[in-house]
$ cat model-v8.tsv   # TSV, C-alpha atoms
chain	number	residue	atom	x	y	z
A	25	MET	CA	115.34	200.09	136.42
A	26	SER	CA	111.87	198.71	135.90
A	27	ASP	CA	110.62	195.46	137.38
A	28	ALA	CA	108.21	195.09	134.46
A	29	PRO	CA	108.90	192.12	132.19
A	30	PRO	CA	110.35	192.95	128.78
A	31	PRO	CA	107.78	193.31	126.01
A	32	ASP	CA	106.91	190.14	124.14
A	33	PRO	CA	108.72	190.37	120.77
A	34	ILE	CA	105.82	188.68	118.97
A	35	SER	CA	103.34	191.08	120.52
A	36	SER	CA	105.35	194.10	119.40
A	37	ARG	CA	105.31	192.74	115.81
A	38	PHE	CA	101.49	192.51	115.72
A	39	GLY	CA	100.13	195.99	114.95
A	40	ILE	CA	96.44	196.42	115.66
A	41	ILE	CA	94.78	199.59	114.38
A	42	LEU	CA	91.99	199.96	116.92
A	43	ASN	CA	89.15	201.84	115.27
A	44	ASP	CA	85.54	202.91	115.24
A	45	ARG	CA	83.36	202.94	112.12
A	46	GLU	CA	83.88	206.67	111.55
A	47	ASP	CA	87.66	206.24	111.51
A	48	ASN	CA	87.52	204.78	107.96
A	49	ALA	CA	90.12	202.14	108.74
A	50	GLU	CA	90.01	200.72	105.20
A	51	ASP	CA	91.23	204.01	103.73
A	52	LEU	CA	93.80	204.47	106.51
A	53	LEU	CA	95.28	201.01	105.95
A	54	ALA	CA	95.48	201.59	102.19
A	55	ARG	CA	97.26	204.93	102.73
A	56	VAL	CA	99.74	203.35	105.17
A	57	VAL	CA	100.44	200.57	102.67
A	58	GLY	CA	100.97	203.16	99.93
A	59	THR	CA	103.45	205.08	102.09
A	60	LEU	CA	105.43	201.96	103.00
A	61	LEU	CA	105.51	200.66	99.42
A	62	ALA	CA	106.73	204.06	98.20
A	63	GLU	CA	109.58	203.78	100.72
A	64	GLY	CA	110.59	200.46	99.14
A	65	HIS	CA	109.38	198.05	101.82
A	66	VAL	CA	108.37	194.55	100.70
A	67	LEU	CA	104.76	194.07	101.77
A	68	GLY	CA	102.17	191.46	101.03
A	69	GLY	CA	98.61	190.84	101.99
A	70	LEU	CA	95.21	192.40	101.56
A	71	CYS	CA	93.47	195.75	101.89
A	72	GLN	CA	89.68	196.01	101.77
A	73	VAL	CA	87.52	198.32	99.66
A	74	THR	CA	83.84	198.50	100.54
A	75	THR	CA	81.40	200.24	98.22
A	76	ARG	CA	77.88	201.08	99.34
A	77	LEU	CA	75.49	200.14	96.52
A	78	PRO	CA	72.26	202.03	95.70
A	79	GLY	CA	70.08	199.28	97.21
A	80	GLY	CA	71.87	199.61	100.56
A	81	GLN	CA	74.03	196.51	100.26
A	82	ASN	CA	77.80	196.58	100.44
A	83	ARG	CA	80.14	195.32	97.75
A	84	MET	CA	83.32	194.17	99.49
A	85	GLU	CA	86.56	193.53	97.66
A	86	LEU	CA	90.02	192.63	98.86
A	87	VAL	CA	92.96	194.12	96.99
A	88	ASP	CA	96.10	192.01	96.72
A	89	ILE	CA	98.85	194.45	97.74
A	90	THR	CA	101.41	192.74	95.51
A	91	THR	CA	99.41	192.61	92.27
A	92	GLY	CA	96.68	195.21	92.75
A	93	ILE	CA	94.10	192.64	91.68
A	94	ARG	CA	90.70	192.98	93.35
A	95	HIS	CA	88.89	189.91	94.66
A	96	ARG	CA	85.21	190.24	95.46
A	97	ILE	CA	84.36	188.68	98.83
A	98	SER	CA	80.69	189.64	99.05
A	99	GLN	CA	77.82	187.96	97.31
A	100	ASP	CA	74.56	189.53	96.16
A	101	LEU	CA	71.81	188.06	98.32
A	102	GLY	CA	69.11	190.38	97.03
A	103	PRO	CA	67.68	193.64	98.37
A	104	ALA	CA	65.52	192.06	101.09
A	105	SER	CA	68.29	189.93	102.59
A	106	THR	CA	69.56	190.64	106.09
A	107	ALA	CA	72.00	187.71	106.09
A	108	CYS	CA	75.78	188.07	106.08
A	109	CYS	CA	76.88	188.59	102.48
A	110	LEU	CA	80.45	187.29	102.88
A	111	ASP	CA	81.29	184.64	100.31
A	112	PRO	CA	83.09	181.82	102.18
A	113	GLY	CA	84.68	180.47	98.99
A	114	ALA	CA	86.10	183.87	98.15
A	115	LEU	CA	87.61	184.12	101.64
A	116	VAL	CA	89.35	180.78	101.15
A	117	GLU	CA	90.82	182.07	97.88
A	118	ALA	CA	91.91	185.31	99.56
A	119	SER	CA	93.58	183.30	102.32
A	120	ALA	CA	95.79	181.76	99.64
A	121	ILE	CA	97.11	185.26	98.85
A	122	LEU	CA	98.18	185.63	102.49
A	123	ARG	CA	99.83	182.20	102.51
A	124	ARG	CA	101.79	183.05	99.34
A	125	ALA	CA	102.99	186.28	100.94
A	126	ILE	CA	104.12	184.36	104.03
A	127	ALA	CA	105.97	181.80	101.89
A	128	ARG	CA	107.74	184.52	99.87
A	129	PRO	CA	108.38	185.91	102.67
A	130	VAL	CA	107.44	189.56	102.91
A	131	ALA	CA	108.81	192.07	105.41
A	132	LEU	CA	105.27	192.93	106.62
A	133	LEU	CA	101.99	191.06	106.15
A	134	VAL	CA	98.87	193.22	105.93
A	135	VAL	CA	95.58	191.58	106.91
A	136	ASN	CA	92.63	193.83	106.07
A	137	LYS	CA	90.90	193.31	109.41
A	138	PHE	CA	90.11	191.01	112.27
A	139	ALA	CA	86.32	190.73	112.59
A	140	GLY	CA	83.64	188.13	113.29
A	141	LEU	CA	85.24	185.09	111.64
A	142	GLU	CA	88.64	185.84	113.17
A	143	MET	CA	87.06	186.15	116.62
A	144	ASP	CA	86.15	182.47	116.22
A	145	GLY	CA	89.74	181.64	115.20
A	146	ARG	CA	88.70	181.31	111.55
A	147	GLY	CA	88.95	183.60	108.53
A	148	PHE	CA	92.41	185.14	108.29
A	149	ALA	CA	93.39	184.51	111.92
A	150	PRO	CA	95.38	181.31	111.17
A	151	ASP	CA	97.32	183.12	108.42
A	152	ALA	CA	98.17	186.09	110.65
A	153	PHE	CA	99.32	183.86	113.51
A	154	GLU	CA	101.37	181.71	111.11
A	155	ALA	CA	103.16	184.83	109.87
A	156	LEU	CA	103.91	185.91	113.43
A	157	THR	CA	105.34	182.50	114.33
A	158	ARG	CA	107.64	182.78	111.30
A	159	GLY	CA	108.87	186.17	112.47
A	160	ILE	CA	106.90	188.22	109.93
A	161	PRO	CA	105.27	191.33	111.43
A	162	VAL	CA	101.53	191.70	110.85
A	163	LEU	CA	99.40	194.83	110.55
A	164	THR	CA	95.62	194.67	110.76
A	165	CYS	CA	92.53	196.65	111.77
A	166	LEU	CA	90.25	195.83	114.68
A	167	SER	CA	86.92	197.43	115.45
A	168	ARG	CA	86.62	198.44	119.10
A	169	GLN	CA	83.54	196.23	119.37
A	170	TYR	CA	85.82	193.18	119.04
A	171	ARG	CA	88.58	194.32	121.40
A	172	GLU	CA	87.67	192.03	124.30
A	173	LYS	CA	87.12	188.98	122.10
A	174	PHE	CA	90.36	189.70	120.27
A	175	GLY	CA	92.27	189.57	123.55
A	176	ALA	CA	90.95	186.06	124.13
A	177	VAL	CA	91.65	184.88	120.56
A	178	SER	CA	95.15	186.36	120.42
A	179	GLY	CA	96.16	185.46	123.95
A	180	GLY	CA	96.75	189.14	124.63
A	181	LEU	CA	99.16	189.59	121.72
A	182	GLY	CA	99.31	192.81	119.81
A	183	THR	CA	100.27	196.43	120.00
A	184	CYS	CA	97.23	198.70	119.80
A	185	LEU	CA	97.71	201.64	117.48
A	186	PRO	CA	95.52	204.74	117.14
A	187	PRO	CA	93.75	205.16	113.79
A	188	GLU	CA	96.23	207.82	112.70
A	189	HIS	CA	98.42	207.57	109.60
A	190	GLY	CA	101.56	208.94	111.25
A	191	ALA	CA	101.34	206.66	114.29
A	192	VAL	CA	100.80	203.53	112.20
A	193	VAL	CA	103.62	204.39	109.78
A	194	ARG	CA	105.99	205.05	112.71
A	195	TRP	CA	105.11	201.65	114.23
A	196	ALA	CA	105.65	199.92	110.87
A	197	ARG	CA	108.99	201.62	110.25
A	198	GLN	CA	110.21	200.67	113.71
A	199	VAL	CA	109.11	197.04	113.31
A	200	LEU	CA	110.63	196.82	109.83
A	201	ALA	CA	113.91	198.33	111.04
A	202	THR	CA	114.05	195.92	113.98
A	203	ALA	CA	113.31	192.96	111.71
A	204	GLY	CA	116.06	194.13	109.34
A	205	GLN	CA	118.55	194.34	112.20
A	206	GLN	CA	117.68	190.82	113.29
A	207	GLU	CA	118.21	189.51	109.74
A	208	THR	CA	121.64	191.14	109.44
A	209	SER	CA	122.78	189.82	112.83
A	210	ALA	CA	121.64	186.26	112.04
$ encode --input "model-v8.tsv" --output "structure tokens"
Amino acid sequence: MSDAPPPDPISSRFGIILNDREDNAEDLLARVVGTLLAEGHVLGGLCQVTTRLPGGQNRMELVDITTGIRHRISQDLGPASTACCLDPGALVEASAILRRAIARPVALLVVNKFAGLEMDGRGFAPDAFEALTRGIPVLTCLSRQYREKFGAVSGGLGTCLPPEHGAVVRWARQVLATAGQQETSA
């Protein structure tokens, strides 16, 4: 028998794909979502697609998992700009997609990533934490550079997952099965 406290049920429902740039977390998350949707799971949320443009800038779009509609979240600031190209208005609109998924509710909410804004408690952080408080599991990506800050923002919540398709799908299946068991026993 272990003297360790039981795992926090909220923490086990918050899947964090811990990754480095070369892990291509955007593609991994999209493939995991595709696998889970093909298995018939009800998902909602956002995956990100980043395209490197000829001038060196990035075009960032969020794909609504439910509809497949792409929403551009970057703005063209010109070739000489070094400023952040995120469009704050587009992020607010994308947040509405997450809130609709939570209200539906979905079996798993996918949040494309936790990054700079989320480290300040902004961006999609409030939506992810709202889903968790409502019992909806959340899957997201987190760059290793934000790991320490994430611990402070999340209060230590989350289950770190390797950037491997099989490992993430196994976590999701387990969380979805556990959530299903809780619904049938309620």
$ residues_around --input "model-v8.tsv" --residues "Ile160 (chain A)" --least-positions-apart "6" --cutoff "7 Å" --atoms "all atoms listed in the file" --output "MDAnalysis selection string"
chainID A and resid 131:133
$ write_last_selection --input "model-v8.tsv" --atoms "C-alpha atoms" --output "PDB file, keeping the file's coordinate frame"
ATOM      1  CA  ALA A 131     108.810 192.070 105.410  1.00  0.00           C
ATOM      2  CA  LEU A 132     105.270 192.930 106.620  1.00  0.00           C
ATOM      3  CA  LEU A 133     101.990 191.060 106.150  1.00  0.00           C
TER       4      LEU A 133
END
$ atom_distance --input "model-v8.tsv" --atom1 "CA of Gly179 (chain A)" --atom2 "CA of Leu122 (chain A)"
21.6 Å
$ closest_residue --input "model-v8.tsv" --among "A:Leu185, A:Leu70, A:Ala155, A:Val193" --to "Thr91 (chain A)" --atoms "all atoms listed in the file"
A:Leu70
$ closest_residue --input "model-v8.tsv" --among "A:Pro78, A:Gly39, A:Gly113, A:Gly175" --to "His95 (chain A)" --atoms "only C-alpha atoms"
A:Gly113
$ atom_distance --input "model-v8.tsv" --atom1 "CA of Cys165 (chain A)" --atom2 "CA of Val134 (chain A)"
9.3 Å
$ residues_around --input "model-v8.tsv" --residues "region 65-67 of chain A" --least-positions-apart "6" --cutoff "12 Å" --atoms "all atoms listed in the file" --output "PyMOL selection string"
chain A and resi 54+56-59+88-91+122+124-126+128-135+160-163+193+196-197+199-201+203-204
$ closest_residue --input "model-v8.tsv" --among "A:Ala62, A:Leu156, A:Leu115, A:Leu166" --to "Ala49 (chain A)" --atoms "all atoms listed in the file"
A:Leu166
$ residues_around --input "model-v8.tsv" --residues "region 167-172 of chain A" --least-positions-apart "6" --cutoff "6 Å" --atoms "only C-alpha atoms" --output "JSON, numbers by chain"
{"A": [42, 43, 44]}
